[in-house]
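Source file: structure.cif; contents: mmCIF, C-alpha atoms.
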data_my_file
loop_
_atom_site.label_atom_id
_atom_site.label_comp_id
_atom_site.auth_asym_id
_atom_site.auth_seq_id
_atom_site.Cartn_x
_atom_site.Cartn_y
_atom_site.Cartn_z
CA MET T 4 -17.20 2.48 -27.49
CA LEU T 5 -14.18 2.56 -25.22
CA ALA T 6 -13.43 0.12 -22.40
CA LEU T 7 -10.95 0.80 -19.58
CA SER T 8 -9.99 -0.99 -16.41
CA ASP T 9 -7.54 -0.63 -13.56
CA LEU T 10 -7.57 3.16 -13.57
CA HIS T 11 -6.36 3.40 -9.94
CA VAL T 12 -6.85 7.17 -9.98
CA ALA T 13 -4.97 7.72 -6.71
CA TYR T 14 -1.81 7.62 -8.82
CA PRO T 15 -1.19 11.13 -10.20
CA GLU T 16 -0.25 9.83 -13.66
CA ASN T 17 -3.50 7.89 -13.91
CA ARG T 18 -5.56 10.79 -12.60
CA GLU T 19 -4.01 13.02 -15.25
CA LEU T 20 -5.01 10.53 -17.95
CA ILE T 21 -8.62 10.69 -16.77
CA GLU T 22 -8.52 14.49 -16.56
CA ASN T 23 -7.52 14.54 -20.24
CA LEU T 24 -9.70 11.70 -21.53
CA ARG T 25 -12.39 12.80 -23.97
CA PRO T 26 -14.71 10.83 -26.24
CA ASP T 27 -14.10 10.88 -29.98
CA ALA T 28 -17.72 11.76 -30.69
CA GLU T 29 -20.75 12.98 -28.81
CA GLY T 30 -22.67 10.04 -27.41
CA ASP T 31 -19.67 7.67 -27.21
CA TRP T 32 -19.94 4.88 -24.66
CA LEU T 33 -17.42 4.02 -21.95
CA ILE T 34 -17.14 0.77 -20.02
CA LEU T 35 -15.26 1.01 -16.71
CA ALA T 36 -14.33 -2.58 -15.96
CA GLY T 37 -13.16 -2.42 -12.39
CA ASP T 38 -10.50 -0.98 -10.13
CA VAL T 39 -11.29 2.68 -10.68
CA GLY T 40 -9.82 3.35 -7.26
CA GLU T 41 -9.56 2.32 -3.65
CA ILE T 42 -10.92 5.37 -1.80
CA PHE T 43 -14.53 6.41 -2.34
CA ALA T 44 -13.70 10.10 -2.98
CA ASP T 45 -11.33 9.07 -5.79
CA ILE T 46 -13.86 6.65 -7.25
CA LYS T 47 -16.62 9.26 -7.19
CA TRP T 48 -14.32 11.87 -8.78
CA ALA T 49 -13.50 9.54 -11.67
CA LEU T 50 -17.11 8.44 -12.15
CA SER T 51 -18.36 12.04 -12.06
CA THR T 52 -15.69 13.26 -14.44
CA LEU T 53 -16.22 10.52 -16.99
CA SER T 54 -20.02 10.40 -16.81
CA SER T 55 -20.13 14.12 -17.63
CA ARG T 56 -18.20 13.49 -20.87
CA PHE T 57 -19.49 10.22 -22.29
CA GLY T 58 -23.00 9.57 -23.56
CA THR T 59 -23.28 6.27 -21.71
CA VAL T 60 -21.03 4.94 -18.95
CA ILE T 61 -21.19 1.37 -17.66
CA TRP T 62 -19.42 0.47 -14.41
CA VAL T 63 -18.48 -2.96 -13.16
CA PRO T 64 -16.78 -3.16 -9.76
CA GLY T 65 -13.32 -4.50 -9.31
CA ASN T 66 -12.01 -5.78 -6.04
CA HIS T 67 -10.38 -2.42 -5.21
CA GLU T 68 -13.69 -0.51 -5.21
CA LEU T 69 -14.98 -3.00 -2.67
CA TRP T 70 -12.08 -2.49 -0.27
CA THR T 71 -12.73 -0.79 3.03
CA HIS T 72 -9.44 1.08 3.17
CA PRO T 73 -8.51 2.43 6.61
CA GLU T 74 -7.89 5.89 5.12
CA ASP T 75 -11.30 6.04 3.40
CA GLU T 76 -13.89 8.32 4.98
CA VAL T 77 -16.54 5.87 3.75
CA GLN T 78 -16.11 2.85 6.00
CA LEU T 79 -18.92 0.75 4.56
CA ARG T 80 -18.15 -2.94 4.14
CA GLY T 81 -19.20 -5.76 1.84
CA VAL T 82 -22.68 -5.68 0.37
CA GLU T 83 -23.41 -2.31 1.98
CA ARG T 84 -20.38 -0.78 0.24
CA TYR T 85 -21.34 -2.35 -3.08
CA GLN T 86 -24.90 -1.01 -2.81
CA PHE T 87 -23.55 2.45 -1.92
CA LEU T 88 -21.39 2.39 -5.06
CA VAL T 89 -24.37 1.26 -7.17
CA GLU T 90 -26.47 4.13 -5.82
CA THR T 91 -23.63 6.59 -6.45
CA CYS T 92 -23.39 5.39 -10.04
CA ARG T 93 -27.13 5.64 -10.54
CA SER T 94 -27.12 9.21 -9.19
CA LEU T 95 -24.61 10.01 -11.95
CA GLY T 96 -26.58 8.21 -14.68
CA ILE T 97 -24.06 5.35 -14.81
CA ILE T 98 -25.27 1.83 -15.59
CA THR T 99 -24.33 -0.90 -13.09
CA PRO T 100 -24.59 -4.70 -12.96
CA GLU T 101 -27.89 -4.18 -11.12
CA ASP T 102 -29.49 -2.34 -14.06
CA PRO T 103 -31.12 -3.69 -17.21
CA TYR T 104 -28.68 -4.53 -19.99
CA ARG T 105 -28.20 -1.87 -22.65
CA VAL T 106 -27.87 -2.41 -26.38
CA TRP T 107 -25.12 -0.56 -28.21
CA ASP T 108 -26.11 0.19 -31.81
CA GLY T 109 -22.71 1.42 -33.02
CA PRO T 110 -20.59 -0.02 -35.82
CA ASP T 111 -20.80 -3.83 -35.95
CA GLY T 112 -23.76 -3.65 -33.57
CA PRO T 113 -26.21 -4.19 -32.15
CA VAL T 114 -24.39 -5.60 -29.13
CA THR T 115 -25.97 -6.24 -25.75
CA ILE T 116 -23.68 -5.12 -22.93
CA ALA T 117 -24.06 -7.32 -19.85
CA PRO T 118 -22.03 -5.92 -16.94
CA MET T 119 -21.40 -8.64 -14.39
CA PHE T 120 -20.38 -8.38 -10.76
CA LEU T 121 -18.17 -11.37 -9.99
CA LEU T 122 -16.08 -12.00 -6.92
CA TYR T 123 -13.37 -14.63 -6.87
CA ASP T 124 -13.78 -17.91 -5.09
CA TYR T 125 -10.24 -19.24 -4.66
CA SER T 126 -10.66 -21.71 -7.52
CA PHE T 127 -7.31 -20.45 -8.85
CA LEU T 128 -4.77 -21.92 -6.48
CA PRO T 129 -0.98 -21.79 -6.48
CA GLU T 130 0.94 -24.84 -7.57
CA GLY T 131 0.95 -27.47 -4.82
CA ALA T 132 -2.32 -26.33 -3.24
CA TRP T 133 -5.59 -28.25 -3.41
CA THR T 134 -7.66 -26.16 -0.98
CA LYS T 135 -8.14 -22.52 -0.11
CA GLU T 136 -6.38 -23.06 3.20
CA GLU T 137 -3.34 -24.63 1.49
CA GLY T 138 -3.28 -21.82 -1.08
CA LEU T 139 -3.38 -19.12 1.59
CA ALA T 140 -0.67 -20.90 3.59
CA ILE T 141 1.59 -20.86 0.52
CA ALA T 142 0.76 -17.20 -0.07
CA TYR T 143 1.66 -16.25 3.49
CA GLU T 144 4.84 -18.35 3.42
CA THR T 145 6.02 -16.61 0.24
CA GLY T 146 4.88 -13.15 1.36
CA ILE T 147 2.53 -12.76 -1.60
CA VAL T 148 -0.90 -12.26 -0.08
CA CYS T 149 -3.66 -10.36 -1.84
CA SER T 150 -4.72 -7.19 -0.01
CA ASP T 151 -8.29 -8.46 -0.37
CA GLU T 152 -7.55 -10.74 2.58
CA VAL T 153 -7.46 -7.62 4.77
CA LEU T 154 -9.51 -4.98 2.94
CA LEU T 155 -12.35 -6.75 1.07
CA HIS T 156 -14.95 -7.68 3.67
CA PRO T 157 -17.87 -9.95 2.73
CA ASP T 158 -20.34 -8.52 5.29
CA PRO T 159 -23.03 -9.63 5.99
CA PHE T 160 -21.79 -12.95 4.59
CA PRO T 161 -19.28 -15.00 6.58
CA SER T 162 -16.90 -15.34 3.61
CA ARG T 163 -16.29 -14.12 0.06
CA GLU T 164 -17.17 -17.61 -1.16
CA THR T 165 -20.59 -17.36 0.46
CA TRP T 166 -21.08 -13.93 -1.10
CA CYS T 167 -20.14 -15.40 -4.49
CA ARG T 168 -22.71 -18.18 -4.11
CA ALA T 169 -25.36 -15.67 -3.07
CA GLY T 170 -24.91 -13.77 -6.32
CA ARG T 171 -24.29 -10.38 -4.70
#
If you convert what's in this file into structure tokens, what do you get?
Amino acid sequence: MLALSDLHVAYPENRELIENLRPDAEGDWLILAGDVGEIFADIKWALSTLSSRFGTVIWVPGNHELWTHPEDEVQLRGVERYQFLVETCRSLGIITPEDPYRVWDGPDGPVTIAPMFLLYDYSFLPEGAWTKEEGLAIAYETGIVCSDEVLLHPDPFPSRETWCRAGR
């Protein structure tokens, strides 16, 4: 079993790594733990490439997959984007957080793999902040604001916090 995250395949160096990545043995498992890419075409390329090589692939979204980037041809937002990614994975035989857990019977197994889709809820605040609003004010003052504030839409929920509480 191999686990990778933060592939960001729009970067040529990272894309080359994926182009050359091969399992050690037939039937090897791969866990993709978020941030495969930002643009749907890149995400689908990586998922297609890797699912054709590994016996089992498990995908968990990162915040970057959930972005609605202005340059992306797929302009779905929030839950609709997440569901589209889940359906894309399923069409490629990739396991998602919406699917039953799988049991890996490899060395030191069996191990139940439980992919989880978790958004953040602003519980991690910068020093000096006690609320989300104070934390964001500090972020904007220092010029260090997460791109999620612009690109990760919670639709149909009014906020990411509400989406978190809803469980999807």
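Atom CA of Glu41 of chain T is found 13.2 Å from atom CA of Ser8 of chain T.
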Self-check item: Within-6 Å shell of (-14.0, 10.7, -20.9) in input frame, all atoms listed in the file, as a list of chain:residue names
Solution: T:Leu24, T:Arg25, T:Pro26, T:Leu53, T:Arg56, T:Phe57
Segment 138-151 of chain T surroundings by only C-alpha atoms, 12 Å radius, close-in-sequence under 6 positions cut, as a compact mmCIF listing (two decimals) with C-alpha atoms, keeping the file's coordinate frame:
# COMPACT_ATOMS: atom_id res chain seq x y z
CA GLU T 41 -9.56 2.32 -3.65
CA GLY T 65 -13.32 -4.50 -9.31
CA ASN T 66 -12.01 -5.78 -6.04
CA HIS T 67 -10.38 -2.42 -5.21
CA GLU T 68 -13.69 -0.51 -5.21
CA LEU T 69 -14.98 -3.00 -2.67
CA TRP T 70 -12.08 -2.49 -0.27
CA THR T 71 -12.73 -0.79 3.03
CA HIS T 72 -9.44 1.08 3.17
CA GLY T 81 -19.20 -5.76 1.84
CA LEU T 122 -16.08 -12.00 -6.92
CA TYR T 123 -13.37 -14.63 -6.87
CA ASP T 124 -13.78 -17.91 -5.09
CA TYR T 125 -10.24 -19.24 -4.66
CA SER T 126 -10.66 -21.71 -7.52
CA PHE T 127 -7.31 -20.45 -8.85
CA LEU T 128 -4.77 -21.92 -6.48
CA PRO T 129 -0.98 -21.79 -6.48
CA GLU T 130 0.94 -24.84 -7.57
CA GLY T 131 0.95 -27.47 -4.82
CA ALA T 132 -2.32 -26.33 -3.24
CA PRO T 157 -17.87 -9.95 2.73
CA SER T 162 -16.90 -15.34 3.61
CA ARG T 163 -16.29 -14.12 0.06
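Nearest residue to Leu155 of chain T among T:Thr59, T:Ser54, T:Asn23, T:Gln78 is T:Gln78, counting only C-alpha atoms.
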Practice problem: Convert the output of the PyMOL selection byres ((chain T and resi 58) around 12) on the shown file into explicit residues, formatted as a PyMOL selection string. | Solution: chain T and resi 4-5+25-34+53-57+59-61+95-98+107
Please produce a file of those selected residues containing C-alpha atoms, as a compact mmCIF listing (two decimals), in the coordinates of the input.
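Done, and the output landed in selection_32.txt:
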# COMPACT_ATOMS: atom_id res chain seq x y z
CA MET T 4 -17.20 2.48 -27.49
CA LEU T 5 -14.18 2.56 -25.22
CA ARG T 25 -12.39 12.80 -23.97
CA PRO T 26 -14.71 10.83 -26.24
CA ASP T 27 -14.10 10.88 -29.98
CA ALA T 28 -17.72 11.76 -30.69
CA GLU T 29 -20.75 12.98 -28.81
CA GLY T 30 -22.67 10.04 -27.41
CA ASP T 31 -19.67 7.67 -27.21
CA TRP T 32 -19.94 4.88 -24.66
CA LEU T 33 -17.42 4.02 -21.95
CA ILE T 34 -17.14 0.77 -20.02
CA LEU T 53 -16.22 10.52 -16.99
CA SER T 54 -20.02 10.40 -16.81
CA SER T 55 -20.13 14.12 -17.63
CA ARG T 56 -18.20 13.49 -20.87
CA PHE T 57 -19.49 10.22 -22.29
CA THR T 59 -23.28 6.27 -21.71
CA VAL T 60 -21.03 4.94 -18.95
CA ILE T 61 -21.19 1.37 -17.66
CA LEU T 95 -24.61 10.01 -11.95
CA GLY T 96 -26.58 8.21 -14.68
CA ILE T 97 -24.06 5.35 -14.81
CA ILE T 98 -25.27 1.83 -15.59
CA TRP T 107 -25.12 -0.56 -28.21
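Residue nearest Glu101 of chain T, chosen from T:Gly37, T:Gly170, T:Pro73, T:Pro113 and counting only C-alpha atoms: T:Gly170.
Atom pair atom CA of Ala44 of chain T / atom CA of Trp166 of chain T: separated by 25.2 Å.
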Quiz item: Selected by the PyMOL selection byres ((chain T and resi 13) around 12) in the shown coordinates: which residues, as a ChimeraX atom specification?
Solution: /T:9-12,14-21,38-49,67
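We find atom CA of His156 of chain T and atom CA of Pro103 of chain T to be spaced 26.7 Å apart.
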Quiz item: Excluding same-chain residues fewer than 4 positions from Gln86 of chain T, what lies within 12 Å of it counting only C-alpha atoms, as a ChimeraX atom specification?
Solution: /T:64,68-69,79-82,90-93,99-101,120,158,171
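You can rank T:Ser51, T:Val63, T:Glu74, T:Glu83 by their closest distance to Pro159 of chain T using all atoms listed in the file, and at the top of that list sits T:Glu83.
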Take segment 33-44 of chain T, model all heavy atoms, and hand the result over as a PDB file, in the coordinates of the input.
ATOM      1  N   LEU T  33     -18.613   4.388 -22.693  1.00  0.00           N
ATOM      2  CA  LEU T  33     -17.420   4.020 -21.950  1.00  0.00           C
ATOM      3  C   LEU T  33     -17.780   2.908 -20.970  1.00  0.00           C
ATOM      4  O   LEU T  33     -18.749   3.027 -20.218  1.00  0.00           O
ATOM      5  CB  LEU T  33     -16.876   5.229 -21.168  1.00  0.00           C
ATOM      6  CG  LEU T  33     -15.713   4.955 -20.214  1.00  0.00           C
ATOM      7  CD1 LEU T  33     -14.466   4.513 -20.984  1.00  0.00           C
ATOM      8  CD2 LEU T  33     -15.420   6.196 -19.377  1.00  0.00           C
ATOM      9  N   ILE T  34     -16.997   1.838 -21.004  1.00  0.00           N
ATOM     10  CA  ILE T  34     -17.140   0.770 -20.020  1.00  0.00           C
ATOM     11  C   ILE T  34     -15.966   0.884 -19.048  1.00  0.00           C
ATOM     12  O   ILE T  34     -14.811   0.889 -19.464  1.00  0.00           O
ATOM     13  CB  ILE T  34     -17.133  -0.620 -20.686  1.00  0.00           C
ATOM     14  CG1 ILE T  34     -18.312  -0.757 -21.639  1.00  0.00           C
ATOM     15  CG2 ILE T  34     -17.148  -1.719 -19.618  1.00  0.00           C
ATOM     16  CD1 ILE T  34     -18.286  -2.033 -22.466  1.00  0.00           C
ATOM     17  N   LEU T  35     -16.287   0.990 -17.767  1.00  0.00           N
ATOM     18  CA  LEU T  35     -15.260   1.010 -16.710  1.00  0.00           C
ATOM     19  C   LEU T  35     -15.305  -0.359 -16.039  1.00  0.00           C
ATOM     20  O   LEU T  35     -16.220  -0.661 -15.277  1.00  0.00           O
ATOM     21  CB  LEU T  35     -15.556   2.111 -15.696  1.00  0.00           C
ATOM     22  CG  LEU T  35     -15.463   3.531 -16.243  1.00  0.00           C
ATOM     23  CD1 LEU T  35     -15.951   4.542 -15.211  1.00  0.00           C
ATOM     24  CD2 LEU T  35     -14.048   3.829 -16.677  1.00  0.00           C
ATOM     25  N   ALA T  36     -14.317  -1.173 -16.354  1.00  0.00           N
ATOM     26  CA  ALA T  36     -14.330  -2.580 -15.960  1.00  0.00           C
ATOM     27  C   ALA T  36     -13.507  -2.859 -14.716  1.00  0.00           C
ATOM     28  O   ALA T  36     -12.648  -3.730 -14.697  1.00  0.00           O
ATOM     29  CB  ALA T  36     -13.865  -3.440 -17.133  1.00  0.00           C
ATOM     30  N   GLY T  37     -13.748  -2.106 -13.678  1.00  0.00           N
ATOM     31  CA  GLY T  37     -13.160  -2.420 -12.390  1.00  0.00           C
ATOM     32  C   GLY T  37     -11.870  -1.725 -12.035  1.00  0.00           C
ATOM     33  O   GLY T  37     -11.101  -1.313 -12.888  1.00  0.00           O
ATOM     34  N   ASP T  38     -11.681  -1.589 -10.734  1.00  0.00           N
ATOM     35  CA  ASP T  38     -10.500  -0.980 -10.130  1.00  0.00           C
ATOM     36  C   ASP T  38     -10.294   0.472 -10.549  1.00  0.00           C
ATOM     37  O   ASP T  38      -9.200   0.892 -10.906  1.00  0.00           O
ATOM     38  CB  ASP T  38      -9.246  -1.826 -10.376  1.00  0.00           C
ATOM     39  CG  ASP T  38      -9.280  -3.140  -9.610  1.00  0.00           C
ATOM     40  OD1 ASP T  38     -10.203  -3.328  -8.802  1.00  0.00           O
ATOM     41  OD2 ASP T  38      -8.380  -3.959  -9.812  1.00  0.00           O
ATOM     42  N   VAL T  39     -11.374   1.236 -10.459  1.00  0.00           N
ATOM     43  CA  VAL T  39     -11.290   2.680 -10.680  1.00  0.00           C
ATOM     44  C   VAL T  39     -10.422   3.295  -9.596  1.00  0.00           C
ATOM     45  O   VAL T  39      -9.608   4.164  -9.863  1.00  0.00           O
ATOM     46  CB  VAL T  39     -12.705   3.311 -10.690  1.00  0.00           C
ATOM     47  CG1 VAL T  39     -12.625   4.829 -10.714  1.00  0.00           C
ATOM     48  CG2 VAL T  39     -13.514   2.792 -11.880  1.00  0.00           C
ATOM     49  N   GLY T  40     -10.602   2.834  -8.376  1.00  0.00           N
ATOM     50  CA  GLY T  40      -9.820   3.350  -7.260  1.00  0.00           C
ATOM     51  C   GLY T  40     -10.090   2.581  -5.994  1.00  0.00           C
ATOM     52  O   GLY T  40     -10.900   1.651  -5.978  1.00  0.00           O
ATOM     53  N   GLU T  41      -9.437   2.993  -4.931  1.00  0.00           N
ATOM     54  CA  GLU T  41      -9.560   2.320  -3.650  1.00  0.00           C
ATOM     55  C   GLU T  41     -10.327   3.144  -2.615  1.00  0.00           C
ATOM     56  O   GLU T  41     -10.899   2.595  -1.695  1.00  0.00           O
ATOM     57  CB  GLU T  41      -8.162   2.019  -3.083  1.00  0.00           C
ATOM     58  CG  GLU T  41      -7.364   1.024  -3.891  1.00  0.00           C
ATOM     59  CD  GLU T  41      -6.762   1.572  -5.179  1.00  0.00           C
ATOM     60  OE1 GLU T  41      -6.574   2.803  -5.299  1.00  0.00           O
ATOM     61  OE2 GLU T  41      -6.494   0.770  -6.077  1.00  0.00           O
ATOM     62  N   ILE T  42     -10.287   4.433  -2.746  1.00  0.00           N
ATOM     63  CA  ILE T  42     -10.920   5.370  -1.800  1.00  0.00           C
ATOM     64  C   ILE T  42     -12.164   5.941  -2.475  1.00  0.00           C
ATOM     65  O   ILE T  42     -12.112   6.364  -3.635  1.00  0.00           O
ATOM     66  CB  ILE T  42      -9.940   6.511  -1.436  1.00  0.00           C
ATOM     67  CG1 ILE T  42      -8.628   5.948  -0.871  1.00  0.00           C
ATOM     68  CG2 ILE T  42     -10.583   7.516  -0.500  1.00  0.00           C
ATOM     69  CD1 ILE T  42      -8.731   5.304   0.486  1.00  0.00           C
ATOM     70  N   PHE T  43     -13.283   5.986  -1.730  1.00  0.00           N
ATOM     71  CA  PHE T  43     -14.530   6.410  -2.340  1.00  0.00           C
ATOM     72  C   PHE T  43     -14.438   7.785  -3.006  1.00  0.00           C
ATOM     73  O   PHE T  43     -14.953   7.966  -4.113  1.00  0.00           O
ATOM     74  CB  PHE T  43     -15.679   6.406  -1.313  1.00  0.00           C
ATOM     75  CG  PHE T  43     -16.957   6.892  -1.917  1.00  0.00           C
ATOM     76  CD1 PHE T  43     -17.667   6.094  -2.794  1.00  0.00           C
ATOM     77  CD2 PHE T  43     -17.424   8.169  -1.650  1.00  0.00           C
ATOM     78  CE1 PHE T  43     -18.844   6.558  -3.398  1.00  0.00           C
ATOM     79  CE2 PHE T  43     -18.584   8.639  -2.236  1.00  0.00           C
ATOM     80  CZ  PHE T  43     -19.309   7.831  -3.111  1.00  0.00           C
ATOM     81  N   ALA T  44     -13.796   8.749  -2.387  1.00  0.00           N
ATOM     82  CA  ALA T  44     -13.700  10.100  -2.980  1.00  0.00           C
ATOM     83  C   ALA T  44     -13.035  10.037  -4.351  1.00  0.00           C
ATOM     84  O   ALA T  44     -13.457  10.732  -5.290  1.00  0.00           O
ATOM     85  CB  ALA T  44     -12.957  11.041  -2.056  1.00  0.00           C
TER      86      ALA T  44
END
